[in-house]
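Shown below: query38.cif, with mmCIF, C-alpha atoms and all ligand atoms.
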data_upload
loop_
_atom_site.label_atom_id
_atom_site.label_comp_id
_atom_site.auth_asym_id
_atom_site.auth_seq_id
_atom_site.Cartn_x
_atom_site.Cartn_y
_atom_site.Cartn_z
CA MET D 583 0.00 0.00 0.00
CA PRO D 584 1.68 3.26 -1.09
CA GLN D 585 2.31 5.80 1.67
CA LEU D 586 1.45 9.14 0.08
CA PRO D 587 2.84 12.42 1.35
CA ALA D 588 -0.35 14.22 2.42
CA PRO D 589 -0.76 17.74 1.00
CA PRO D 590 -2.38 20.44 3.18
CA VAL D 591 -5.98 20.07 4.33
CA LEU D 592 -8.37 22.65 2.80
CA LEU D 593 -9.17 25.61 5.04
CA ALA D 594 -11.59 28.46 4.33
CA ASP D 595 -9.20 31.23 5.34
CA GLU D 596 -8.48 32.74 1.93
CA PRO D 597 -10.96 35.44 0.89
CA GLY D 598 -12.02 34.86 -2.72
CA SER D 599 -11.50 31.09 -2.49
CA PHE D 600 -14.38 28.64 -2.93
CA PRO D 601 -14.23 27.32 0.69
CA HIS D 602 -14.25 30.90 2.02
CA SER D 603 -17.34 31.73 -0.09
CA VAL D 604 -19.16 28.70 1.34
CA LEU D 605 -18.65 29.93 4.91
CA ALA D 606 -19.07 33.64 4.21
CA GLU D 607 -21.93 33.50 1.67
CA ARG D 608 -23.54 30.08 1.36
CA HIS D 609 -24.08 29.51 5.07
CA PRO D 610 -25.81 32.89 5.62
CA ALA D 611 -28.00 32.14 2.57
CA ILE D 612 -28.94 28.77 4.07
CA ILE D 613 -29.91 30.46 7.34
CA ARG D 614 -32.16 32.85 5.37
CA GLN D 615 -33.73 29.98 3.45
CA VAL D 616 -34.46 27.96 6.59
CA ARG D 617 -35.84 31.03 8.41
CA ASP D 618 -38.26 31.70 5.55
CA ALA D 619 -39.43 28.09 5.28
CA PHE D 620 -41.06 27.72 8.71
CA PRO D 621 -43.18 29.82 11.08
CA TYR D 622 -40.50 29.64 13.74
CA GLY D 623 -40.98 31.29 17.13
CA PRO D 624 -38.95 34.15 18.65
CA GLY D 625 -36.52 31.80 20.40
CA GLN D 626 -35.62 30.10 17.14
CA HIS D 627 -35.23 33.45 15.35
CA ARG D 628 -32.90 34.68 18.09
CA ALA D 629 -30.88 31.46 17.87
CA LEU D 630 -30.63 31.83 14.08
CA ASP D 631 -29.46 35.47 14.49
CA ALA D 632 -26.82 34.27 16.95
CA LEU D 633 -25.69 31.53 14.58
CA LEU D 634 -25.42 33.99 11.69
CA ALA D 635 -23.14 36.24 13.74
CA ASN D 636 -21.18 33.32 15.15
CA CYS D 637 -20.54 31.48 11.88
CA THR D 638 -19.39 34.58 10.01
CA GLU D 639 -17.53 36.53 12.71
CA GLY D 640 -17.27 34.41 15.83
CA VAL D 641 -15.38 31.43 17.13
CA ILE D 642 -16.39 27.80 17.58
CA GLU D 643 -18.26 27.42 20.85
CA PRO D 644 -18.95 24.30 22.93
CA LEU D 645 -22.25 22.45 22.54
CA PRO D 646 -24.88 23.21 25.17
CA GLY D 647 -24.57 21.04 28.27
CA GLY D 648 -26.70 17.95 27.98
CA ALA D 649 -26.60 17.81 24.17
CA HIS D 650 -27.01 14.16 23.18
CA ASP D 651 -23.89 14.11 21.02
CA VAL D 652 -21.36 16.07 23.09
CA GLU D 653 -19.06 13.09 23.53
CA ARG D 654 -19.28 12.22 19.85
CA TRP D 655 -18.30 15.76 18.82
CA ARG D 656 -15.49 15.80 21.36
CA SER D 657 -14.14 12.63 19.77
CA TRP D 658 -14.48 14.37 16.38
CA GLY D 659 -12.25 17.30 17.45
CA LEU D 660 -14.56 19.81 19.17
CA ASP D 661 -12.22 20.44 22.11
CA GLU D 662 -9.31 21.11 19.80
CA TYR D 663 -11.25 23.64 17.71
CA THR D 664 -13.28 25.41 20.41
CA GLY D 665 -12.29 29.09 20.56
CA ARG D 666 -10.93 29.16 17.01
CA SER D 667 -12.40 31.02 14.04
CA TRP D 668 -14.58 28.93 11.75
CA PHE D 669 -12.32 30.02 8.90
CA GLU D 670 -9.14 28.63 10.45
CA VAL D 671 -10.12 25.01 11.14
CA PRO D 672 -10.41 22.36 8.42
CA TRP D 673 -13.16 23.41 6.00
CA LEU D 674 -14.69 19.95 6.11
CA TRP D 675 -15.00 20.30 9.87
CA SER D 676 -16.46 23.82 9.96
CA GLU D 677 -19.06 23.01 7.29
CA SER D 678 -20.26 19.99 9.19
CA TRP D 679 -20.29 22.00 12.42
CA PHE D 680 -22.53 24.57 10.70
CA TYR D 681 -25.27 21.99 10.13
CA ARG D 682 -24.97 20.74 13.73
CA CYS D 683 -25.40 24.34 14.98
CA LEU D 684 -28.27 25.06 12.59
CA LEU D 685 -30.20 22.04 13.89
CA GLU D 686 -29.52 23.22 17.42
CA ALA D 687 -30.92 26.68 16.61
CA VAL D 688 -34.23 25.32 15.28
CA GLY D 689 -34.67 22.82 18.13
CA HIS D 690 -34.24 19.69 16.03
CA PHE D 691 -32.55 17.58 18.71
CA PRO D 692 -33.87 18.28 22.22
CA PRO D 693 -37.25 16.89 23.30
CA GLY D 694 -39.97 19.39 22.41
CA PRO D 695 -42.42 20.32 19.67
CA TRP D 696 -39.76 20.91 17.01
CA GLN D 697 -37.81 17.73 17.68
CA GLY D 698 -37.13 15.81 14.49
CA ILE D 699 -38.53 18.51 12.17
CA ASP D 700 -36.29 18.71 9.07
CA PRO D 701 -35.63 22.40 8.29
CA PHE D 702 -34.86 21.48 4.69
CA ARG D 703 -37.97 19.39 4.10
CA PRO D 704 -40.01 22.05 2.23
CA ALA D 705 -37.24 22.46 -0.34
CA LYS D 706 -36.77 18.69 -0.66
CA LEU D 707 -40.50 18.10 -1.18
CA ALA D 708 -40.77 20.93 -3.71
CA GLU D 709 -38.05 19.25 -5.72
CA LEU D 710 -39.73 15.86 -5.58
CA ASP D 711 -43.00 17.46 -6.72
CA ALA D 712 -41.39 19.51 -9.52
CA PRO D 713 -42.51 18.95 -13.13
CA GLU D 714 -38.89 18.03 -13.97
CA THR D 715 -39.25 14.98 -11.72
CA ASP D 716 -42.40 13.95 -13.64
CA GLU D 717 -40.48 14.29 -16.90
CA GLU D 718 -37.58 12.22 -15.60
CA LEU D 719 -39.92 9.49 -14.40
CA ALA D 720 -41.87 9.46 -17.66
CA ALA D 721 -38.58 9.02 -19.54
CA LEU D 722 -38.22 5.63 -17.83
CA ASP D 723 -40.97 4.27 -20.08
CA SER D 724 -38.81 4.77 -23.15
CA LEU D 725 -36.06 2.67 -21.55
CA GLU D 726 -38.34 -0.34 -21.13
CA HIS D 727 -37.50 -1.75 -24.56
CA ALA D 728 -33.77 -1.03 -24.37
CA THR D 729 -31.35 -3.89 -23.78
CA ALA D 730 -30.48 -4.54 -20.13
CA ALA D 731 -26.96 -3.23 -20.81
CA ASP D 732 -28.21 0.05 -22.34
CA ARG D 733 -30.70 0.47 -19.53
CA ALA D 734 -27.96 -0.14 -16.96
CA THR D 735 -25.76 2.53 -18.56
CA ALA D 736 -28.66 5.01 -18.70
CA LEU D 737 -29.50 4.40 -15.05
CA LEU D 738 -25.85 4.71 -14.00
CA HIS D 739 -25.61 8.06 -15.78
CA GLY D 740 -28.95 9.13 -14.31
CA SER D 741 -27.60 8.47 -10.83
CA LEU D 742 -24.30 10.22 -11.64
CA TRP D 743 -25.81 13.39 -13.11
CA GLY D 744 -28.58 13.37 -10.51
CA ASN D 745 -25.80 14.66 -8.26
CA ARG D 746 -26.19 18.06 -9.92
CA ALA D 747 -29.55 18.35 -8.19
CA ASP D 748 -28.02 19.63 -4.93
CA LEU D 749 -30.03 22.34 -3.23
CA GLY D 750 -27.16 23.86 -1.24
CA PHE D 751 -25.11 24.10 -4.40
CA ARG D 752 -27.92 25.94 -6.19
CA LEU D 753 -27.82 28.66 -3.53
CA SER D 754 -24.38 29.70 -4.71
CA ALA D 755 -23.76 28.44 -8.26
CA PRO D 756 -25.58 30.60 -10.77
CA GLY D 757 -27.37 28.50 -13.36
CA ALA D 758 -26.46 25.22 -11.67
CA GLY D 759 -28.91 22.47 -12.44
CA THR D 760 -30.06 24.19 -15.61
CA THR D 761 -27.10 24.35 -17.99
CA ALA D 762 -26.11 21.40 -20.15
CA ALA D 763 -23.51 19.19 -18.55
CA SER D 764 -20.45 18.83 -20.69
CA GLY D 765 -18.72 15.64 -19.77
CA LEU D 766 -16.86 13.07 -17.81
CA VAL D 767 -13.31 13.84 -16.70
CA ALA D 768 -12.69 10.18 -15.77
CA ASP D 769 -14.73 7.13 -16.71
CA ASP D 770 -13.96 3.79 -15.05
CA SER D 771 -17.41 2.41 -15.77
CA ASP D 772 -15.99 -0.77 -17.37
CA ALA D 773 -14.24 -1.58 -14.07
CA LEU D 774 -17.46 -0.83 -12.19
CA TRP D 775 -19.50 -3.23 -14.34
CA ALA D 776 -16.76 -5.85 -14.06
CA LEU D 777 -17.08 -5.72 -10.26
CA LEU D 778 -20.85 -5.98 -10.47
CA SER D 779 -20.82 -8.88 -12.89
CA GLY D 780 -19.01 -11.30 -10.60
CA ARG D 781 -20.71 -14.56 -9.63
CA PRO D 782 -22.23 -15.14 -7.16
CA PRO D 783 -23.61 -11.60 -6.73
CA GLY D 784 -22.79 -10.02 -3.39
CA THR D 785 -23.59 -6.98 -1.28
CA LEU D 786 -23.50 -3.51 -2.79
CA PHE D 787 -23.20 -0.47 -0.54
CA LEU D 788 -24.34 2.90 -1.84
CA VAL D 789 -23.36 5.86 0.32
CA ALA D 790 -26.10 8.27 -0.70
CA ASP D 791 -25.84 12.00 -1.13
CA ASN D 792 -28.86 14.19 -1.92
CA ALA D 793 -32.55 13.44 -1.56
CA GLY D 794 -35.14 14.15 -4.27
CA ARG D 795 -33.85 14.25 -7.81
CA GLU D 796 -30.58 12.53 -6.90
CA LEU D 797 -32.00 9.85 -4.61
CA VAL D 798 -34.73 8.82 -7.07
CA PRO D 799 -32.20 7.82 -9.77
CA ASP D 800 -29.99 6.21 -7.11
CA LEU D 801 -32.93 4.03 -6.10
CA LEU D 802 -33.72 3.22 -9.73
CA LEU D 803 -30.13 2.11 -10.23
CA LEU D 804 -30.25 -0.07 -7.12
CA ALA D 805 -33.52 -1.62 -8.28
CA HIS D 806 -31.99 -2.45 -11.64
CA LEU D 807 -28.86 -3.97 -10.08
CA LEU D 808 -30.90 -6.14 -7.75
CA GLU D 809 -33.38 -7.16 -10.40
CA HIS D 810 -30.70 -8.12 -12.91
CA GLY D 811 -28.51 -10.10 -10.52
CA HIS D 812 -25.66 -7.55 -10.25
CA ALA D 813 -26.14 -7.56 -6.49
CA ARG D 814 -27.83 -9.98 -4.13
CA ARG D 815 -28.35 -7.30 -1.53
CA ALA D 816 -28.03 -3.53 -1.46
CA VAL D 817 -27.42 -1.33 1.56
CA LEU D 818 -28.20 2.36 1.23
CA HIS D 819 -26.31 4.56 3.69
CA VAL D 820 -28.19 7.79 4.41
CA LYS D 821 -27.71 10.56 6.96
CA PRO D 822 -29.07 10.10 10.50
CA HIS D 823 -30.22 13.74 10.53
CA PRO D 824 -30.71 16.62 8.06
CA TYR D 825 -27.36 17.75 6.65
CA TYR D 826 -25.85 19.86 3.84
CA VAL D 827 -29.34 21.09 2.94
CA SER D 828 -30.53 18.29 0.73
CA ASP D 829 -28.69 15.19 2.00
CA ALA D 830 -30.95 12.15 2.15
CA THR D 831 -32.32 10.80 5.42
CA THR D 832 -34.54 7.76 5.94
CA ALA D 833 -37.63 10.01 5.68
CA ASP D 834 -36.40 11.11 2.25
CA VAL D 835 -36.00 7.50 1.14
CA VAL D 836 -39.60 6.84 2.16
CA ASP D 837 -40.76 9.96 0.28
CA ALA D 838 -38.83 8.91 -2.84
CA VAL D 839 -40.17 5.35 -2.85
CA ARG D 840 -43.71 6.62 -2.30
CA ARG D 841 -43.21 9.14 -5.13
CA LEU D 842 -42.27 6.25 -7.43
CA THR D 843 -45.14 3.99 -6.40
CA ALA D 844 -47.58 6.87 -6.97
CA ALA D 845 -46.25 7.51 -10.49
CA ARG D 846 -47.35 5.78 -13.69
CA GLY D 847 -45.76 3.22 -15.95
CA ALA D 848 -42.24 1.99 -15.46
CA ALA D 849 -41.64 4.36 -12.52
CA ALA D 850 -44.44 2.70 -10.54
CA ARG D 851 -43.05 -0.72 -11.33
CA TYR D 852 -39.65 0.34 -9.95
CA GLY D 853 -41.42 1.74 -6.91
CA ARG D 854 -43.20 -1.53 -6.21
CA PHE D 855 -39.97 -3.45 -6.71
CA LEU D 856 -38.14 -1.23 -4.21
CA TRP D 857 -40.98 -1.49 -1.69
CA SER D 858 -40.90 -5.26 -1.79
CA ALA D 859 -37.06 -5.34 -1.74
CA MET D 860 -37.14 -3.31 1.47
CA GLY D 861 -39.77 -5.68 2.82
CA ASP D 862 -37.73 -8.82 2.24
CA GLY D 863 -34.33 -7.33 3.17
CA ARG D 864 -32.75 -7.18 -0.29
CA LEU D 865 -32.59 -3.41 0.18
CA THR D 866 -31.69 -2.06 3.63
CA VAL D 867 -31.34 1.53 4.80
CA ARG D 868 -28.59 2.42 7.28
CA ALA D 869 -28.10 5.73 9.09
CA HIS D 870 -24.71 5.46 10.78
CA PRO D 871 -23.61 8.48 12.90
CA PHE D 872 -20.32 8.62 10.97
CA SER D 873 -22.28 9.56 7.83
CA CYS D 874 -22.55 13.06 9.36
CA ALA D 875 -19.01 13.18 10.79
CA PRO D 876 -16.74 16.12 9.95
CA LEU D 877 -13.95 13.69 9.11
CA PRO D 878 -12.57 11.77 6.15
CA TYR D 879 -13.53 8.10 5.69
CA ALA D 880 -9.90 7.16 6.43
CA ASP D 881 -10.94 7.80 10.07
CA MET D 882 -14.07 5.65 9.96
CA PRO D 883 -14.84 3.58 13.07
CA GLY D 884 -14.20 -0.17 13.18
CA ASP D 885 -17.83 -1.27 12.79
CA LEU D 886 -18.24 0.68 9.57
CA ARG D 887 -14.91 -0.53 8.21
CA GLU D 888 -15.95 -4.10 8.91
CA GLU D 889 -19.29 -3.56 7.21
CA PHE D 890 -17.77 -2.11 4.03
CA ALA D 891 -15.17 -4.90 4.01
CA GLY D 892 -17.98 -7.36 3.34
CA GLY D 893 -19.16 -5.60 0.17
CA THR D 894 -18.58 -6.47 -3.47
CA LEU D 895 -18.45 -2.73 -4.04
CA THR D 896 -19.10 0.48 -2.11
CA VAL D 897 -20.27 3.41 -4.23
CA PHE D 898 -19.83 6.92 -2.85
CA LYS D 899 -22.22 9.44 -4.34
CA GLY D 900 -21.60 13.14 -4.66
CA ASP D 901 -19.11 15.84 -3.93
CA LEU D 902 -18.99 15.85 -0.16
CA ASN D 903 -18.67 12.07 0.02
CA TYR D 904 -15.84 12.32 -2.52
CA ARG D 905 -14.03 14.88 -0.37
CA ARG D 906 -14.42 12.54 2.60
CA LEU D 907 -13.40 9.46 0.62
CA VAL D 908 -10.15 10.82 -0.80
CA GLY D 909 -9.40 13.31 2.00
CA ASP D 910 -10.20 17.04 1.75
CA ARG D 911 -6.71 18.04 0.70
CA ARG D 912 -4.91 19.90 -2.05
CA TRP D 913 -4.11 16.70 -3.95
CA PRO D 914 -2.43 17.18 -7.30
CA ALA D 915 -5.23 16.18 -9.70
CA THR D 916 -3.04 13.43 -11.14
CA THR D 917 -2.68 11.59 -7.79
CA PRO D 918 -4.01 8.09 -8.48
CA PHE D 919 -7.53 7.48 -7.09
CA ALA D 920 -6.44 3.96 -6.05
CA ASP D 921 -3.63 5.46 -3.93
CA VAL D 922 -5.80 7.97 -2.05
CA THR D 923 -8.39 5.27 -1.33
CA ALA D 924 -5.82 2.57 -0.48
CA TYR D 925 -7.03 2.55 3.16
CA PHE D 926 -10.55 1.49 2.09
CA PRO D 927 -11.35 -2.10 3.11
CA GLY D 928 -12.75 -3.24 -0.25
CA PRO D 929 -13.52 -2.21 -3.83
CA VAL D 930 -14.74 1.37 -3.96
CA ALA D 931 -16.22 3.69 -6.56
CA ALA D 932 -17.08 7.38 -6.75
CA LEU D 933 -19.94 8.82 -8.80
CA ARG D 934 -19.66 12.56 -8.50
CA THR D 935 -20.22 15.84 -10.28
CA LEU D 936 -17.38 18.24 -9.50
CA LYS D 937 -18.55 20.95 -7.08
CA SER D 938 -15.41 21.62 -5.04
CA GLU D 939 -11.70 21.83 -5.76
CA VAL D 940 -10.65 18.37 -4.61
CA VAL D 941 -10.00 15.97 -7.46
CA THR D 942 -7.71 12.98 -8.02
CA GLY D 943 -7.16 10.35 -10.67
CA LEU D 944 -6.99 12.61 -13.74
CA ASP D 945 -4.42 12.24 -16.44
CA ALA D 946 -2.19 15.26 -16.97
CA ALA D 947 -3.52 15.92 -20.48
CA THR D 948 -7.12 16.00 -19.26
CA GLU D 949 -6.27 18.42 -16.46
CA ALA D 950 -4.33 20.71 -18.81
CA ALA D 951 -7.14 20.70 -21.40
CA LEU D 952 -9.77 21.53 -18.76
CA ASP D 953 -7.67 24.33 -17.30
CA ALA D 954 -7.09 25.78 -20.75
CA GLU D 955 -10.79 25.63 -21.51
CA GLU D 956 -12.32 26.86 -18.26
CA ASP D 957 -9.68 28.30 -15.94
CA GLY D 958 -10.71 26.34 -12.84
CA TYR D 959 -14.52 26.60 -13.09
CA TRP D 960 -14.69 22.94 -14.16
CA ARG D 961 -13.66 21.98 -10.63
CA THR D 962 -16.55 23.68 -8.83
CA GLY D 963 -19.28 24.48 -11.38
CA GLY D 964 -21.02 21.08 -11.47
CA THR D 965 -20.50 20.99 -15.24
CA HIS D 966 -18.21 17.94 -15.14
CA ALA D 967 -18.44 14.54 -13.54
CA LEU D 968 -16.39 11.44 -12.85
CA ILE D 969 -16.81 7.70 -12.43
CA GLN D 970 -13.76 6.35 -10.58
CA VAL D 971 -13.14 2.83 -9.34
CA ALA D 972 -10.48 1.18 -7.21
CA SER D 973 -11.00 -2.56 -7.63
CA ARG D 974 -8.37 -3.66 -5.12
CA GLY D 975 -9.16 -6.78 -3.17
CA ALA D 976 -11.47 -7.97 -5.94
CA GLY D 977 -8.67 -9.41 -7.99
CA GLY D 978 -9.23 -6.53 -10.41
O1 LIG E 1 -22.14 16.48 -1.76
P1 LIG E 1 -22.86 17.23 -2.82
O2 LIG E 1 -24.32 17.37 -2.52
O3 LIG E 1 -22.62 16.71 -4.19
O4 LIG E 1 -22.28 18.69 -2.86
C1 LIG E 1 -22.06 19.38 -1.68
C2 LIG E 1 -21.59 20.75 -1.94
O5 LIG E 1 -22.56 21.52 -2.60
O6 LIG E 1 -21.30 21.27 -0.71
C3 LIG E 1 -19.90 21.46 -0.52
C4 LIG E 1 -19.63 22.86 -0.30
O7 LIG E 1 -20.48 23.29 0.68
C5 LIG E 1 -19.19 21.01 -1.73
O8 LIG E 1 -18.52 19.83 -1.43
C6 LIG E 1 -20.28 20.83 -2.73
O9 LIG E 1 -20.25 21.99 -3.48
#
Rewrite the coordinates I just gave you, this time as structure tokens.
Amino acid sequence: MPQLPAPPVLLADEPGSFPHSVLAERHPAIIRQVRDAFPYGPGQHRALDALLANCTEGVIEPLPGGAHDVERWRSWGLDEYTGRSWFEVPWLWSESWFYRCLLEAVGHFPPGPWQGIDPFRPAKLAELDAPETDEELAALDSLEHATAADRATALLHGSLWGNRADLGFRLSAPGAGTTAASGLVADDSDALWALLSGRPPGTLFLVADNAGRELVPDLLLLAHLLEHGHARRAVLHVKPHPYYVSDATTADVVDAVRRLTAARGAAARYGRFLWSAMGDGRLTVRAHPFSCAPLPYADMPGDLREEFAGGTLTVFKGDLNYRRLVGDRRWPATTPFADVTAYFPGPVAALRTLKSEVVTGLDAATEAALDAEEDGYWRTGGTHALIQVASRGAGG
């Protein structure tokens, strides 16, 4: 296993940089969006005002005494970062901390009338109800007569590009989700299908990203893989609580499956298949606390490592999961994907549209051509995507 020299971790301390804009602009916009979405009371408004001041100008403060997850956050670095500016600790950490604080402000965790209410739910539901979702579901009918291989490719690409439908991203990327996507910067899909064509079929893990128009195609892909013998069992890892605006929770999985079963044609058939697969255990939903950790997957706890070790393949969806999978560092873009994921206990794949600066596994010519064409926007604009696979341990 190669021991790579680790480049610096991304911080948000450089005005004008993408991480800085997320803390200075995107987080205040998210607070505004959440405030407008619910008839919150004065206490919640005051807490949101305090969070706005704290996350833009203040320092990281301890969790309130009695918070259910104090020990967890201490083990994730809270003591080390308390008293420091949000802009000077690892960006991955401060972003995650923002969502923890936002949920605190709206009373999501403590017992009370607002416990368990998802502040992002209105936006997630609006997306699921959008006419674009109807169009995407209707398009499934035209795939019914395609060969299984063509359908598999279409569903893989649907799941991949579904990652553009990220509500937090749309708050800060003008035109995101509407412009035509221009292409793949890496495509290991042959290796991915090779892993999923082994006999006997095994367990596939999918570490989900966004709800709504990303989760629906993820579920369609899982249904296809189960139905066509590419996997015996699928495990969908979602977030245990609302996170990064649109990240999928179990409630969002239920909404997505119900949306499918209530549709017409092929979409309804997929919905019924998924419903019965959940009923007989072929499809399981998991909500591990580490899914919302402010840390890279290299630091995953033993139980999760053991679980992933039993999979034929683990697929990480989306930009944030990619940052956590490879490490949120200034990797040269040509650093091999297999090297940065060498710690992972089994075959692993990433399906991601590029919405932050971290990228690995490109060839030098591709990187140079993209830089010449777009001067860096290709890394964060969501216009490009990648399918990367490290087959290690699978004899591949
Ligand atoms: O993980 P996702 O939904 O694909 O994207 C998450 C995201 O919008 O949030 C982060 C910045 O806040 C970036 O990693 C990325 O731009």
task: Determine, counting only C-alpha atoms, every residue of protein, DNA or RNA that lies within 7 Å of (-25.8, 5.1, -3.3) in the file coordinates, then give the result as a count of residues only.
output: 9
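Shortest separation to Arg841 of chain D among D:Leu719, D:Ala915, D:Ala629, D:Ala768 occurs at residue D:Leu719, atoms counted being all atoms listed in the file.
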Please report as CSV every residue of chain D lying within 8 Å of ligand LIG 1 (chain E), along with the nearest atom pair and their distance in Å (one decimal), using all atoms listed in the file.
residue,atom,partner,partner_atom,distance
D:Pro601,CA,E:LIG1,C4,7.1
D:Val604,CA,E:LIG1,O7,5.6
D:Arg608,CA,E:LIG1,O7,7.5
D:Glu677,CA,E:LIG1,O7,6.8
D:Asn745,CA,E:LIG1,O3,5.6
D:Arg746,CA,E:LIG1,O3,6.9
D:Ala747,CA,E:LIG1,O2,7.8
D:Asp748,CA,E:LIG1,O2,5.0
D:Leu749,CA,E:LIG1,O5,7.5
D:Gly750,CA,E:LIG1,O5,5.3
D:Phe751,CA,E:LIG1,O5,4.0
D:Arg752,CA,E:LIG1,O5,7.8
D:Asp791,CA,E:LIG1,O2,5.8
D:Asn792,CA,E:LIG1,O2,5.6
D:Tyr826,CA,E:LIG1,O6,6.6
D:Ser828,CA,E:LIG1,O2,7.1
D:Asp829,CA,E:LIG1,O2,6.7
D:Lys899,CA,E:LIG1,O3,7.3
D:Gly900,CA,E:LIG1,O3,3.7
D:Asp901,CA,E:LIG1,O3,3.6
D:Leu902,CA,E:LIG1,O1,3.6
D:Asn903,CA,E:LIG1,O1,5.9
D:Tyr904,CA,E:LIG1,O1,7.6
D:Arg905,CA,E:LIG1,O8,6.8
D:Arg934,CA,E:LIG1,O3,6.7
D:Thr935,CA,E:LIG1,O3,6.6
D:Leu936,CA,E:LIG1,O3,7.6
D:Lys937,CA,E:LIG1,O9,4.1
D:Ser938,CA,E:LIG1,C5,5.1
D:Thr962,CA,E:LIG1,O9,6.7
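Interatomic distance, atom CA of Arg912 of chain D to atom CA of Glu643 of chain D: 27.6 Å.
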field: Interatomic distance, atom CA of Gln697 of chain D to atom CA of Val835 of chain D (Å, one decimal)
entry: 19.5 Å
query: For Gln615 of chain D, which of D:Val767, D:Val827, D:Leu877, D:Leu952 is the closest residue, counting all atoms listed in the file?
result: D:Val827
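With atom CA of Val652 of chain D on one side and atom CA of Arg682 of chain D on the other, the separation reads 11.1 Å.
Comparing the minimum interatomic distances between Trp679 of chain D and each of D:Leu944, D:Met860, D:Ala875, D:Leu725, counting all atoms listed in the file, we find that D:Ala875 sits nearest.
Excluding Ala721 of chain D itself and same-chain residues fewer than 4 positions from it, the residues having an atom within 12 Å of it are Glu714, Thr715, Asp716, Glu717, Leu725, Glu726, His727, Arg733, Ala736, Leu737, Gly740, Pro799, Ala845, Arg846, Gly847, Ala848 and Ala849 of chain D, counting all atoms listed in the file.
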Would you pick out the contacts of Tyr681 of chain D at 6 Å or less, using only C-alpha atoms, so that residues sharing its chain but fewer than 3 positions from it are not included, and give the list as a JSON list (two decimals) with C-alpha atoms, in the frame of the given file?
[["chain", "number", "residue", "atom", "x", "y", "z"],
["D", 678, "SER", "CA", -20.26, 19.99, 9.19],
["D", 684, "LEU", "CA", -28.27, 25.06, 12.59],
["D", 825, "TYR", "CA", -27.36, 17.75, 6.65]]
- request: Excluding Leu645 of chain D and residues on its chain fewer than 5 positions from it, collect all residues at most 9 Å away from it, counting all atoms listed in the file, and give them as an MDAnalysis selection string.
  value: chainID D and resid 651:652 655 660 683 686
Write to file, as an mmCIF file, in the frame of the given file, the residues of the selection just made, with C-alpha atoms.
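Once written, selection14.cif looks like this:
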data_model
loop_
_atom_site.group_PDB
_atom_site.id
_atom_site.type_symbol
_atom_site.label_atom_id
_atom_site.label_comp_id
_atom_site.auth_asym_id
_atom_site.auth_seq_id
_atom_site.Cartn_x
_atom_site.Cartn_y
_atom_site.Cartn_z
ATOM 1 C CA ASP D 651 -23.890 14.110 21.020
ATOM 2 C CA VAL D 652 -21.360 16.070 23.090
ATOM 3 C CA TRP D 655 -18.300 15.760 18.820
ATOM 4 C CA LEU D 660 -14.560 19.810 19.170
ATOM 5 C CA CYS D 683 -25.400 24.340 14.980
ATOM 6 C CA GLU D 686 -29.520 23.220 17.420
#
query: In terms of the shortest atom-to-atom distance over only C-alpha atoms, which of D:Arg854, D:Tyr925, D:Tyr879, D:Leu842 is closest to Leu722 of chain D?
result: D:Leu842
- prompt: Can you tell me, as an NGL selection string, what residues are no more than 12 Å from Ala931 of chain D when counting all atoms listed in the file, ignoring any on the same chain fewer than 5 positions away?
  reply: :D and (742 or 768-775 or 777-778 or 786-789 or 893-900 or 903-904 or 907-908 or 919-920 or 923 or 926 or 943 or 968-974)
query: Near Ser667 of chain D, counting only C-alpha atoms, which residues have an atom at most 7 Å away, once you skip same-chain residues fewer than 3 positions from it, shown as JSON, numbers by chain?
result: {"D": [640, 641, 642, 670]}
query: For Arg617 of chain D, which residue among D:Val817, D:Leu634, D:Val836, D:Leu586 is the nearest when counting only C-alpha atoms?
result: D:Leu634
task: Considering only C-alpha atoms, state which residue in the set D:Thr843, D:Thr831, D:Gln626, D:Ser724 is at the smallest distance from Asp700 of chain D.
output: D:Thr831
Residues of segment 839-926 of chain D at most 12 Å from segment 592-595 of chain D: nearest atom pair and distance in Å, all atoms listed in the file, as CSV:
residue,atom,partner,partner_atom,distance
D:Arg905,CA,D:Leu592,CA,10.1
D:Arg906,CA,D:Leu592,CA,11.8
D:Gly909,CA,D:Leu592,CA,9.4
D:Asp910,CA,D:Leu592,CA,6.0
D:Arg911,CA,D:Leu592,CA,5.3
D:Arg912,CA,D:Leu592,CA,6.6
D:Trp913,CA,D:Leu592,CA,10.0
